[in-house]
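Here is query21.txt, consisting of compact mmCIF, C-alpha atoms and all ligand atoms:
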```txt
# COMPACT_ATOMS: atom_id res chain seq x y z
CA MET A 146 115.62 123.93 94.52
CA THR A 147 115.44 120.35 93.22
CA THR A 148 116.08 117.57 95.69
CA VAL A 149 116.21 113.99 94.45
CA ASP A 150 114.86 111.47 96.94
CA PRO A 151 117.78 109.12 97.63
CA LEU A 152 115.31 106.48 98.82
CA VAL A 153 113.44 106.09 95.54
CA VAL A 154 114.40 103.55 92.88
CA ASP A 155 115.01 104.89 89.38
CA VAL A 156 112.96 103.16 86.65
CA PRO A 157 114.82 103.25 83.32
CA ASP A 158 111.92 101.65 81.38
CA ALA A 159 110.38 104.19 78.95
CA THR A 160 107.45 102.11 77.67
CA PRO A 161 103.87 102.38 78.90
CA HIS A 162 102.42 99.03 79.93
CA ARG A 163 98.89 97.64 79.88
CA VAL A 164 97.46 96.15 83.05
CA THR A 165 94.47 93.82 82.87
CA VAL A 166 92.42 93.16 85.98
CA VAL A 167 91.58 89.46 85.77
CA GLY A 168 87.90 88.66 86.06
CA SER A 169 86.72 92.26 85.74
CA GLY A 170 87.01 92.82 81.99
CA THR A 171 88.89 96.06 82.64
CA SER A 172 92.39 97.18 81.75
CA PHE A 173 94.39 100.38 82.04
CA GLU A 174 97.64 101.87 80.83
CA VAL A 175 100.52 102.68 83.19
CA LEU A 176 103.02 105.34 82.15
CA PRO A 177 106.77 104.67 82.66
CA GLY A 178 107.54 104.76 86.38
CA GLU A 179 103.92 105.43 87.30
CA ARG A 180 102.42 103.66 90.30
CA LEU A 181 99.78 101.02 89.56
CA LEU A 182 97.38 102.69 91.98
CA SER A 183 97.81 106.16 90.42
CA ALA A 184 97.35 104.81 86.88
CA ALA A 185 94.20 102.89 87.87
CA ARG A 186 92.76 106.02 89.49
CA ARG A 187 93.61 108.06 86.39
CA ALA A 188 91.71 105.50 84.29
CA GLY A 189 88.72 105.48 86.68
CA ILE A 190 89.35 101.88 87.72
CA TRP A 191 89.00 101.03 91.38
CA LEU A 192 91.77 99.22 93.23
CA PRO A 193 91.71 98.84 97.03
CA PHE A 194 93.88 101.28 98.99
CA GLU A 195 94.08 103.16 102.26
CA CYS A 196 97.35 104.96 103.09
CA GLY A 197 98.61 105.34 99.49
CA TRP A 198 102.09 105.13 100.94
CA GLY A 199 103.25 101.57 101.57
CA SER A 200 102.39 101.12 105.21
CA CYS A 201 98.93 99.51 105.45
CA GLY A 202 99.07 96.68 102.86
CA THR A 203 95.45 97.24 101.73
CA CYS A 204 96.47 97.76 98.09
CA LYS A 205 98.23 94.40 97.59
CA VAL A 206 97.33 92.73 94.29
CA THR A 207 98.48 89.37 92.89
CA VAL A 208 100.55 89.44 89.69
CA VAL A 209 99.22 86.61 87.54
CA GLU A 210 101.42 87.44 84.54
CA GLY A 211 104.21 89.98 83.95
CA GLU A 212 106.75 91.76 86.18
CA THR A 213 106.79 94.82 88.44
CA LYS A 214 109.38 96.95 90.19
CA LEU A 215 109.00 98.02 93.82
CA LEU A 216 109.65 101.77 93.97
CA TYR A 217 110.35 101.96 97.70
CA ALA A 218 111.97 98.77 98.97
CA ALA A 219 111.70 99.78 102.64
CA ALA A 220 107.89 100.17 102.54
CA SER A 221 106.74 98.72 105.85
CA ALA A 222 103.85 96.73 104.33
CA VAL A 223 106.23 94.62 102.23
CA ASP A 224 106.20 91.08 103.62
CA PRO A 225 109.03 88.63 102.87
CA ARG A 226 106.38 86.08 101.79
CA ASP A 227 104.96 88.47 99.14
CA GLY A 228 107.59 87.51 96.52
CA ARG A 229 106.66 83.84 96.64
CA ARG A 230 102.96 84.66 96.38
CA ARG A 231 103.60 87.29 93.69
CA ARG A 232 101.78 89.90 95.78
CA VAL A 233 102.78 93.54 95.19
CA LEU A 234 101.83 96.92 96.63
CA ALA A 235 99.85 98.80 93.96
CA CYS A 236 100.74 102.12 95.63
CA GLN A 237 104.50 101.47 95.46
CA SER A 238 104.96 99.31 92.34
CA THR A 239 105.26 100.03 88.65
CA PRO A 240 105.08 97.45 85.83
CA THR A 241 108.16 96.60 83.79
CA ALA A 242 106.05 94.52 81.35
CA ASP A 243 102.37 94.18 80.48
CA LEU A 244 100.58 92.72 83.47
CA LYS A 245 97.63 90.64 84.50
CA ILE A 246 96.66 91.22 88.12
CA ARG A 247 94.09 89.75 90.47
CA VAL A 248 92.45 91.98 93.07
CA ALA A 249 91.57 89.95 96.16
CA GLN A 250 89.34 92.41 97.92
CA SER A 251 85.95 92.57 96.23
CA SER A 252 84.23 95.12 98.46
CA ASP A 253 85.31 98.74 98.27
CA SER A 254 86.48 99.68 101.76
CA SER A 255 87.01 103.24 100.62
CA THR A 256 83.43 104.06 99.59
CA SER A 257 82.75 105.86 102.89
CA ARG A 258 85.64 108.24 102.17
CA PRO A 259 85.85 111.07 99.68
CA PRO A 260 87.68 110.02 96.49
CA VAL A 261 91.35 110.88 96.05
CA VAL A 262 91.78 113.94 93.83
CA ASP A 263 94.92 115.49 92.31
CA HIS A 264 95.37 119.17 93.12
CA PHE A 265 97.95 121.87 92.63
CA GLY A 266 98.30 123.60 95.98
CA GLN A 267 99.58 127.17 95.87
CA LEU A 268 101.33 128.20 99.07
CA VAL A 269 99.36 131.11 100.51
CA ALA A 270 101.20 131.54 103.79
CA ARG A 271 103.66 129.91 106.13
CA GLU A 272 103.24 130.62 109.84
CA ASP A 273 106.16 129.73 112.08
CA LEU A 274 104.77 128.07 115.20
CA GLY A 275 107.83 126.86 117.09
CA PRO A 276 111.43 125.79 116.61
CA ASP A 277 111.48 124.34 113.07
CA VAL A 278 107.70 123.81 113.14
CA ALA A 279 105.36 125.74 110.83
CA ARG A 280 101.82 125.75 109.50
CA PHE A 281 101.60 125.77 105.69
CA ARG A 282 98.37 127.04 104.09
CA PHE A 283 97.80 126.02 100.48
CA SER A 284 95.02 127.17 98.18
CA ILE A 285 93.84 124.27 96.00
CA GLY A 286 91.33 126.23 93.90
CA ALA A 287 88.51 123.77 94.62
CA GLU A 288 86.62 122.60 97.67
CA ALA A 289 88.82 120.32 99.77
CA ALA A 290 86.96 117.08 100.47
CA TYR A 291 88.40 114.88 103.21
CA ARG A 292 87.70 113.63 106.69
CA PRO A 293 89.57 115.43 109.49
CA GLY A 294 92.52 113.21 110.46
CA GLN A 295 93.28 112.10 106.89
CA HIS A 296 96.46 113.01 105.02
CA ALA A 297 97.66 114.27 101.65
CA ILE A 298 100.66 113.08 99.64
CA LEU A 299 102.69 116.07 98.47
CA ASP A 300 104.94 115.77 95.43
CA LEU A 301 107.86 117.94 96.42
CA GLY A 302 109.69 117.36 93.13
CA ALA A 303 111.98 114.76 91.54
CA GLY A 304 110.27 111.76 93.10
CA LEU A 305 110.19 113.32 96.55
CA ARG A 306 106.74 112.43 97.86
CA ARG A 307 105.80 112.86 101.50
CA CYS A 308 102.63 112.56 103.58
CA TYR A 309 101.21 115.43 105.64
CA SER A 310 97.99 115.38 107.67
CA MET A 311 95.45 118.12 107.09
CA ALA A 312 95.34 120.39 110.17
CA GLY A 313 92.10 122.25 109.43
CA LEU A 314 88.56 121.36 108.48
CA PRO A 315 87.43 120.44 104.95
CA GLY A 316 84.90 122.45 102.94
CA SER A 317 86.99 125.44 101.90
CA SER A 318 89.48 125.82 99.05
CA GLU A 319 92.40 125.83 101.49
CA VAL A 320 94.27 122.98 103.10
CA SER A 321 96.81 123.44 105.88
CA PHE A 322 99.54 121.23 107.31
CA ILE A 323 101.63 121.51 110.47
CA ALA A 324 105.09 120.22 109.70
CA LYS A 325 108.51 119.93 111.28
CA ARG A 326 111.80 120.53 109.51
CA TYR A 327 114.37 117.80 110.10
CA ALA A 328 117.79 119.22 109.26
CA GLY A 329 119.49 117.36 106.42
CA ARG A 330 116.47 115.22 105.54
CA PRO A 331 115.11 115.82 102.04
CA GLY A 332 111.30 115.98 102.30
CA SER A 333 110.84 118.35 105.20
CA GLU A 334 113.80 120.51 104.09
CA ARG A 335 112.18 120.87 100.66
CA LEU A 336 108.76 121.70 102.13
CA PHE A 337 110.33 124.50 104.18
CA CYS A 338 111.89 125.88 100.96
CA VAL A 339 108.54 126.22 99.16
CA ALA A 340 108.04 129.93 98.48
CA GLU A 341 104.74 131.79 98.80
CA GLY A 342 102.94 131.58 95.44
CA GLU A 343 104.75 128.35 94.45
CA GLN A 344 102.60 125.39 93.42
CA VAL A 345 102.99 121.90 94.85
CA PRO A 346 101.15 118.90 93.33
CA MET A 347 99.24 117.03 96.01
CA GLU A 348 96.87 114.06 96.14
CA LEU A 349 94.21 113.89 98.83
CA PRO A 350 92.69 112.42 100.87
CA TYR A 351 94.32 109.17 102.01
CA GLY A 352 94.17 107.23 105.24
CA ASP A 353 92.04 105.60 107.85
CA MET A 354 92.43 108.25 110.57
CA PHE A 355 88.98 109.76 110.93
CA LEU A 356 86.34 109.79 113.65
CA ARG A 357 83.96 106.85 113.84
CA GLU A 358 80.37 107.61 114.76
CA GLY A 359 78.93 106.44 118.07
CA ASP A 360 78.64 107.37 121.73
CA ASP A 361 81.88 105.79 122.93
CA PRO A 362 84.38 108.14 124.57
CA VAL A 363 87.03 109.45 122.18
CA VAL A 364 90.73 109.50 123.05
CA LEU A 365 93.00 111.51 120.75
CA VAL A 366 96.75 111.16 121.27
CA ALA A 367 99.30 113.45 119.58
CA GLY A 368 103.07 113.41 119.73
CA GLY A 369 104.89 116.39 118.17
CA THR A 370 103.49 117.24 114.72
CA GLY A 371 100.90 114.51 115.20
CA VAL A 372 98.99 117.52 116.51
CA SER A 373 98.14 118.29 112.87
CA ALA A 374 95.67 115.39 112.59
CA ILE A 375 94.58 115.59 116.22
CA LEU A 376 93.82 119.34 116.00
CA ALA A 377 91.65 118.74 112.93
CA MET A 378 89.73 115.96 114.70
CA THR A 379 89.30 117.97 117.93
CA THR A 380 88.05 120.97 115.92
CA GLN A 381 85.58 118.68 114.15
CA LEU A 382 84.29 117.39 117.51
CA ALA A 383 83.96 121.00 118.70
CA MET A 384 81.92 121.84 115.57
CA LEU A 385 79.66 118.83 116.15
CA ALA A 386 79.27 119.93 119.78
CA GLY A 387 77.89 123.25 118.55
CA GLY A 388 75.31 121.53 116.34
CA ALA A 389 72.42 119.14 116.64
CA ASP A 390 74.74 116.11 116.80
CA HIS A 391 75.93 117.01 120.29
CA HIS A 392 75.46 114.19 122.76
CA GLY A 393 78.09 115.03 125.34
CA ARG A 394 80.48 112.26 124.25
CA ALA A 395 83.57 112.30 126.49
CA VAL A 396 86.66 113.50 124.60
CA HIS A 397 90.18 113.20 126.04
CA VAL A 398 93.01 114.83 124.10
CA PHE A 399 96.58 113.90 125.07
CA TYR A 400 99.41 115.96 123.58
CA GLY A 401 103.12 115.45 124.29
CA ALA A 402 106.26 117.31 123.23
CA GLY A 403 109.82 117.91 124.40
CA ALA A 404 109.53 121.48 125.66
CA THR A 405 106.86 124.21 125.91
CA SER A 406 108.08 125.86 122.69
CA GLU A 407 107.39 122.60 120.82
CA LEU A 408 103.87 122.26 122.17
CA VAL A 409 102.54 124.17 119.16
CA CYS A 410 98.82 124.96 118.83
CA TRP A 411 98.30 124.17 122.53
CA ASP A 412 95.97 127.18 122.92
CA GLU A 413 93.96 126.24 119.80
CA LEU A 414 93.59 122.72 121.09
CA GLY A 415 92.61 124.14 124.50
CA ARG A 416 89.86 126.32 122.98
CA ALA A 417 88.44 123.44 120.93
CA THR A 418 88.50 121.09 123.94
CA ALA A 419 86.95 123.73 126.23
CA SER A 420 83.99 124.15 123.86
CA LEU A 421 83.07 120.48 124.35
CA ARG A 422 80.61 119.66 127.12
CA ASN A 423 82.80 116.79 128.24
CA GLY A 424 86.25 117.64 126.84
CA HIS A 425 89.60 117.19 128.62
CA LEU A 426 93.07 118.26 127.47
CA HIS A 427 96.12 116.54 128.98
CA GLY A 428 99.63 117.78 128.23
CA ALA A 429 102.97 116.05 128.72
CA LEU A 430 106.39 117.68 128.53
CA LEU A 431 109.76 116.02 128.85
CA ASP A 432 111.41 119.28 129.86
CA ALA A 433 108.67 120.90 131.95
CA PRO A 434 108.94 124.42 133.43
CA GLY A 435 108.20 124.97 137.13
CA ASP A 436 104.68 126.32 136.50
CA TRP A 437 103.63 123.36 134.27
CA HIS A 438 100.34 121.79 135.42
CA GLY A 439 100.48 118.78 133.16
CA THR A 440 102.47 115.57 133.24
CA THR A 441 106.26 115.57 133.19
CA GLY A 442 107.33 112.76 130.88
CA PHE A 443 106.13 111.16 127.68
CA VAL A 444 102.59 111.43 126.36
CA THR A 445 102.23 107.73 127.24
CA THR A 446 102.92 108.63 130.89
CA ALA A 447 99.91 110.97 130.82
CA LEU A 448 97.79 108.43 128.94
CA ALA A 449 98.71 105.63 131.37
CA GLU A 450 97.50 107.77 134.31
CA HIS A 451 93.99 108.03 132.80
CA LEU A 452 93.70 104.78 130.87
CA PRO A 453 91.94 102.68 133.55
CA GLY A 454 88.81 104.87 133.11
CA LEU A 455 88.99 104.89 129.32
CA THR A 456 89.16 101.27 128.21
CA ASP A 457 85.77 101.54 126.42
CA ALA A 458 86.99 104.47 124.26
CA MET A 459 87.87 104.72 120.57
CA PHE A 460 91.55 105.68 120.25
CA TYR A 461 93.15 107.83 117.54
CA VAL A 462 96.93 108.22 117.65
CA ALA A 463 99.29 110.33 115.48
CA GLY A 464 102.97 111.10 115.76
CA PRO A 465 106.49 109.84 115.12
CA PRO A 466 107.08 106.04 115.16
CA PRO A 467 108.64 105.79 118.66
CA MET A 468 105.62 107.59 120.11
CA THR A 469 103.00 105.61 118.16
CA ASN A 470 104.77 102.31 118.92
CA ALA A 471 104.90 103.10 122.66
CA THR A 472 101.23 104.14 122.64
CA LEU A 473 100.11 101.02 120.78
CA ALA A 474 102.08 98.83 123.22
CA LEU A 475 100.45 100.61 126.18
CA LEU A 476 96.97 100.13 124.70
CA ARG A 477 97.66 96.48 123.90
CA ASP A 478 98.98 95.86 127.43
CA ASN A 479 95.75 97.31 128.79
CA GLY A 480 93.60 94.97 126.73
CA ILE A 481 92.33 97.53 124.20
CA GLU A 482 91.17 95.64 121.09
CA LEU A 483 92.77 96.58 117.76
CA ASP A 484 89.42 97.53 116.24
CA ARG A 485 89.23 100.40 118.74
CA ILE A 486 92.54 101.91 117.57
CA HIS A 487 93.30 104.01 114.50
CA TYR A 488 96.74 105.51 114.06
CA ASP A 489 99.15 107.26 111.74
CA SER A 490 102.81 106.62 112.32
CA PHE A 491 104.76 109.53 110.80
CA GLY A 492 107.67 107.48 109.52
C1 LIG A 501 100.34 109.24 107.24
C2 LIG A 501 101.45 110.23 107.55
C3 LIG A 501 101.11 111.51 107.96
C4 LIG A 501 102.12 112.43 108.25
N1 LIG A 501 101.77 113.68 108.69
C5 LIG A 501 102.75 114.57 109.01
C6 LIG A 501 102.42 115.87 109.49
O1 LIG A 501 101.24 116.24 109.60
N2 LIG A 501 103.44 116.70 109.82
C7 LIG A 501 104.76 116.32 109.71
O2 LIG A 501 105.65 117.13 110.01
N3 LIG A 501 105.09 115.10 109.25
C8 LIG A 501 104.12 114.23 108.90
N4 LIG A 501 104.47 112.99 108.43
C9 LIG A 501 105.90 112.68 108.25
C10 LIG A 501 106.37 113.20 106.88
O3 LIG A 501 105.71 112.52 105.83
C11 LIG A 501 107.87 113.00 106.66
O4 LIG A 501 108.21 111.69 107.01
C12 LIG A 501 108.68 113.97 107.46
O5 LIG A 501 108.41 115.30 106.99
C13 LIG A 501 110.18 113.69 107.31
O6 LIG A 501 110.50 113.60 105.94
P1 LIG A 501 111.99 113.79 105.44
O7 LIG A 501 112.06 113.54 103.98
O8 LIG A 501 112.47 115.12 105.94
O9 LIG A 501 112.76 112.66 106.23
P2 LIG A 501 113.25 111.23 105.69
O10 LIG A 501 113.78 110.55 106.91
O11 LIG A 501 114.16 111.34 104.52
O12 LIG A 501 111.94 110.49 105.17
C14 LIG A 501 110.86 110.27 106.04
C15 LIG A 501 110.34 108.85 106.00
O13 LIG A 501 109.60 108.66 104.82
C16 LIG A 501 109.70 107.30 104.44
N5 LIG A 501 109.87 107.30 103.00
C17 LIG A 501 110.77 107.98 102.28
N6 LIG A 501 110.56 107.79 100.98
C18 LIG A 501 109.49 107.02 100.86
C19 LIG A 501 108.76 106.51 99.77
N7 LIG A 501 109.07 106.77 98.51
N8 LIG A 501 107.69 105.74 100.03
C20 LIG A 501 107.31 105.48 101.30
N9 LIG A 501 107.95 105.94 102.37
C21 LIG A 501 109.02 106.70 102.15
C22 LIG A 501 110.87 106.69 105.15
O14 LIG A 501 110.37 105.66 105.98
C23 LIG A 501 111.45 107.79 105.98
O15 LIG A 501 111.66 107.35 107.29
C24 LIG A 501 103.48 112.05 108.13
C25 LIG A 501 103.81 110.77 107.70
C26 LIG A 501 102.81 109.86 107.41
C27 LIG A 501 103.21 108.48 106.95
S1 LIG A 502 100.22 100.07 101.46
FE1 LIG A 502 99.36 100.71 99.58
S2 LIG A 502 97.59 101.78 100.16
FE2 LIG A 502 98.54 101.33 102.06
```

Any chance you could give the structure as structure tokens?
Amino acid sequence: MTTVDPLVVDVPDATPHRVTVVGSGTSFEVLPGERLLSAARRAGIWLPFECGWGSCGTCKVTVVEGETKLLYAAASAVDPRDGRRRRVLACQSTPTADLKIRVAQSSDSSTSRPPVVDHFGQLVAREDLGPDVARFRFSIGAEAAYRPGQHAILDLGAGLRRCYSMAGLPGSSEVSFIAKRYAGRPGSERLFCVAEGEQVPMELPYGDMFLREGDDPVVLVAGGTGVSAILAMTTQLAMLAGGADHHGRAVHVFYGAGATSELVCWDELGRATASLRNGHLHGALLDAPGDWHGTTGFVTTALAEHLPGLTDAMFYVAGPPPMTNATLALLRDNGIELDRIHYDSFG
């Protein structure tokens, strides 16, 4: 099945363009419709980036000469002032003429992360976990290098690119994702149509969601399929707890969903949390059954109950935008500094 992404701008230009990075003595070619960031990576030229998707703004470069086209006009990192300053997102822009660009950031903020690599992932298995929620296991034929919590960008065909967070640990030739199907929406519908044995191009890893070292308590907050990233990070902490790195760091995992059937991987999360010396799992259900021992309400309700004792923690949050926005507002209202918060908003 081929699904064209209705949100993506068509680029009629058929000419490759040359991009020169002012002050660096380097230049690279961009194929028609190709993203500046992808072309630079293909040429082995470093440009700053983080999410690869249009939400963080890290990849903004200044266009000194030439013109570009924004491929996704609704990208949340686009600022109305960018046009005047001729600042463009390298991850969401393609040149329509030869370009000269200036890269503001001189230090490479991505050196502590594994480099982004293009893979073809072959679907090995799909495991249905709950109503319209499944785990997809892809073989990538090479060792997967990423930090638990980071995401991949899957090319689901005809310009349909979507982000999915890796749900397992790196180091094997398999990557897995926990995803939800949203009826009538192109990306998730297409993912659920991928047949076993079919290959899907994917780039990984992207993103800033990964555990920071230190002794501070860790708070992991998942809403819905945000459990994908949070499960990977909890499993990583459980692995560290079994090794020499174990220092009994307090770990609180908060996980919210609508109903029990949507609280997928609850038992897996429970086992990983239980193997920590100081691990705590808190659940929140909107529609809770009579024998539910957790919180009835949103995941933020559960988090708010415990937050007074956790203000010195590092916070990692993943889930749909209403959930991440509510969590960020709660943390801000409780005086948690932004440098203690890392999050992925799944929208
Ligand atoms: C960092 C990150 C990690 C994610 N991890 C998971 C996960 O583990 N599991 C999971 O189920 N979902 C995850 N998502 C959400 C997932 O990427 C899709 O948004 C979701 O599957 C719905 O896609 P859709 O096409 O069905 O819906 P749509 O509503 O059609 O699209 C989803 C969203 O993608 C954005 N978008 C669409 N096209 C573009 C584009 N070209 N460039 C930039 N943004 C665009 C729009 O804001 C839109 O709201 C993640 C999202 C992000 C950003
Ligand atoms: S906005 Fe381009 S890398 Fe995040």

With a cut-off of 12 Å, could you pull out the residues of chain A touching ligand LIG 502 (chain A) and give me the nearest pair of atoms for each, distance in Å to one decimal, using all atoms listed in the file, ordered by chain and ascending number, as CSV?
```
residue,atom,partner,partner_atom,distance
A:Arg180,CA,A:LIG502,FE1,10.2
A:Leu181,CA,A:LIG502,FE1,10.0
A:Leu182,CA,A:LIG502,FE1,8.1
A:Ser183,CA,A:LIG502,S2,10.7
A:Leu192,CA,A:LIG502,S2,9.4
A:Pro193,CA,A:LIG502,S2,7.3
A:Phe194,CA,A:LIG502,S2,3.9
A:Glu195,CA,A:LIG502,S2,4.3
A:Cys196,CA,A:LIG502,FE2,4.0
A:Gly197,CA,A:LIG502,S2,3.8
A:Trp198,CA,A:LIG502,FE2,5.3
A:Gly199,CA,A:LIG502,S1,3.4
A:Ser200,CA,A:LIG502,S1,4.5
A:Cys201,CA,A:LIG502,FE2,3.9
A:Gly202,CA,A:LIG502,S1,3.8
A:Thr203,CA,A:LIG502,FE2,5.1
A:Cys204,CA,A:LIG502,FE1,4.4
A:Lys205,CA,A:LIG502,FE1,6.7
A:Val206,CA,A:LIG502,FE1,9.8
A:Leu215,CA,A:LIG502,FE1,11.5
A:Leu216,CA,A:LIG502,FE1,11.8
A:Tyr217,CA,A:LIG502,S1,11.0
A:Ala219,CA,A:LIG502,S1,11.5
A:Ala220,CA,A:LIG502,S1,7.7
A:Ser221,CA,A:LIG502,S1,8.0
A:Ala222,CA,A:LIG502,S1,5.7
A:Val223,CA,A:LIG502,S1,8.1
A:Asp224,CA,A:LIG502,S1,11.0
A:Arg232,CA,A:LIG502,FE1,11.7
A:Val233,CA,A:LIG502,FE1,9.1
A:Leu234,CA,A:LIG502,FE1,5.4
A:Ala235,CA,A:LIG502,FE1,6.0
A:Cys236,CA,A:LIG502,FE1,4.4
A:Gln237,CA,A:LIG502,FE1,6.6
A:Ser238,CA,A:LIG502,FE1,9.3
A:Ser254,CA,A:LIG502,S2,11.4
A:Ser255,CA,A:LIG502,S2,10.7
A:Val261,CA,A:LIG502,S2,11.8
A:Ile298,CA,A:LIG502,S2,11.7
A:Pro350,CA,A:LIG502,S2,11.7
A:Tyr351,CA,A:LIG502,S2,8.3
A:Gly352,CA,A:LIG502,FE2,8.0
A:Asp353,CA,A:LIG502,FE2,9.7
A:Asp489,CA,A:LIG502,FE2,11.4
```

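Using only C-alpha atoms, the protein and nucleic acid residues lying no more than 12 Å from Asp478 (chain A), apart from those fewer than 6 places from it along its own chain, are Ala449, Leu452, Pro453, Thr456, Ala471 and Thr472 of chain A.
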
Using only C-alpha atoms and all ligand atoms, what does the table of chain A residues within 7 Å of ligand LIG 501 (chain A) look like, with each row giving the shortest atom pair and its distance in Å to one decimal, sorted by chain and ascending number, as a tab-separated table?
```
residue	atom	partner	partner_atom	distance
A:Asp150	CA	A:LIG501	N6	7.0
A:Leu152	CA	A:LIG501	N6	5.4
A:Val153	CA	A:LIG501	N7	5.3
A:Cys196	CA	A:LIG501	C1	6.7
A:Trp198	CA	A:LIG501	C20	5.2
A:Gly199	CA	A:LIG501	C20	5.6
A:Leu216	CA	A:LIG501	N7	6.8
A:Tyr217	CA	A:LIG501	N7	5.0
A:Ala219	CA	A:LIG501	O14	6.9
A:Ala220	CA	A:LIG501	C20	5.5
A:His296	CA	A:LIG501	C3	5.7
A:Leu305	CA	A:LIG501	N7	6.9
A:Arg306	CA	A:LIG501	N7	6.2
A:Arg307	CA	A:LIG501	O3	4.3
A:Cys308	CA	A:LIG501	O3	3.8
A:Tyr309	CA	A:LIG501	N1	3.6
A:Ser310	CA	A:LIG501	O1	3.9
A:Met311	CA	A:LIG501	O1	6.6
A:Phe322	CA	A:LIG501	O1	5.7
A:Ile323	CA	A:LIG501	N2	5.2
A:Ala324	CA	A:LIG501	O2	3.2
A:Lys325	CA	A:LIG501	O2	4.2
A:Arg326	CA	A:LIG501	O8	6.5
A:Tyr327	CA	A:LIG501	O8	5.3
A:Arg330	CA	A:LIG501	O8	4.0
A:Pro331	CA	A:LIG501	O7	4.3
A:Gly332	CA	A:LIG501	O7	3.1
A:Ser333	CA	A:LIG501	O8	3.7
A:Glu334	CA	A:LIG501	O8	5.9
A:Gly352	CA	A:LIG501	C1	6.8
A:Thr370	CA	A:LIG501	N2	4.9
A:Gly371	CA	A:LIG501	O1	5.9
A:Ser373	CA	A:LIG501	O1	5.0
A:Ala374	CA	A:LIG501	O1	6.4
A:Asp489	CA	A:LIG501	C1	5.1
A:Ser490	CA	A:LIG501	C27	5.7
A:Phe491	CA	A:LIG501	C25	3.5
A:Gly492	CA	A:LIG501	O15	4.6
```

Discussion item. Report as a list in words all protein, DNA and RNA residues lying within 10 Å of Ile375 (chain A), evaluated on all atoms listed in the file, omitting residues in the same chain fewer than 6 positions from it.
Written reply: Pro293, Gly294, Ser310, Met311, Ala312, Gly313, Met354, Phe355, Val364, Leu365, Val366, Ala367, Gly368, Gln381, Val398, Phe399, Tyr400, Leu414, Tyr461, Val462, Ala463 and Gly464 of chain A

Could you please take those selected residues and save C-alpha atoms as a compact mmCIF listing (two decimals), in the frame of the given file?
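Below you can see result.txt, which holds the result:
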```txt
# COMPACT_ATOMS: atom_id res chain seq x y z
CA PRO A 293 89.57 115.43 109.49
CA GLY A 294 92.52 113.21 110.46
CA SER A 310 97.99 115.38 107.67
CA MET A 311 95.45 118.12 107.09
CA ALA A 312 95.34 120.39 110.17
CA GLY A 313 92.10 122.25 109.43
CA MET A 354 92.43 108.25 110.57
CA PHE A 355 88.98 109.76 110.93
CA VAL A 364 90.73 109.50 123.05
CA LEU A 365 93.00 111.51 120.75
CA VAL A 366 96.75 111.16 121.27
CA ALA A 367 99.30 113.45 119.58
CA GLY A 368 103.07 113.41 119.73
CA GLN A 381 85.58 118.68 114.15
CA VAL A 398 93.01 114.83 124.10
CA PHE A 399 96.58 113.90 125.07
CA TYR A 400 99.41 115.96 123.58
CA LEU A 414 93.59 122.72 121.09
CA TYR A 461 93.15 107.83 117.54
CA VAL A 462 96.93 108.22 117.65
CA ALA A 463 99.29 110.33 115.48
CA GLY A 464 102.97 111.10 115.76
```

Using all atoms listed in the file, list the residues that have an atom at most 8 Å from (85.1, 127.7, 99.5), coordinates as in the file, as a list of chain:residue names. A:Ala287, A:Glu288, A:Gly316, A:Ser317, A:Ser318, A:Glu319
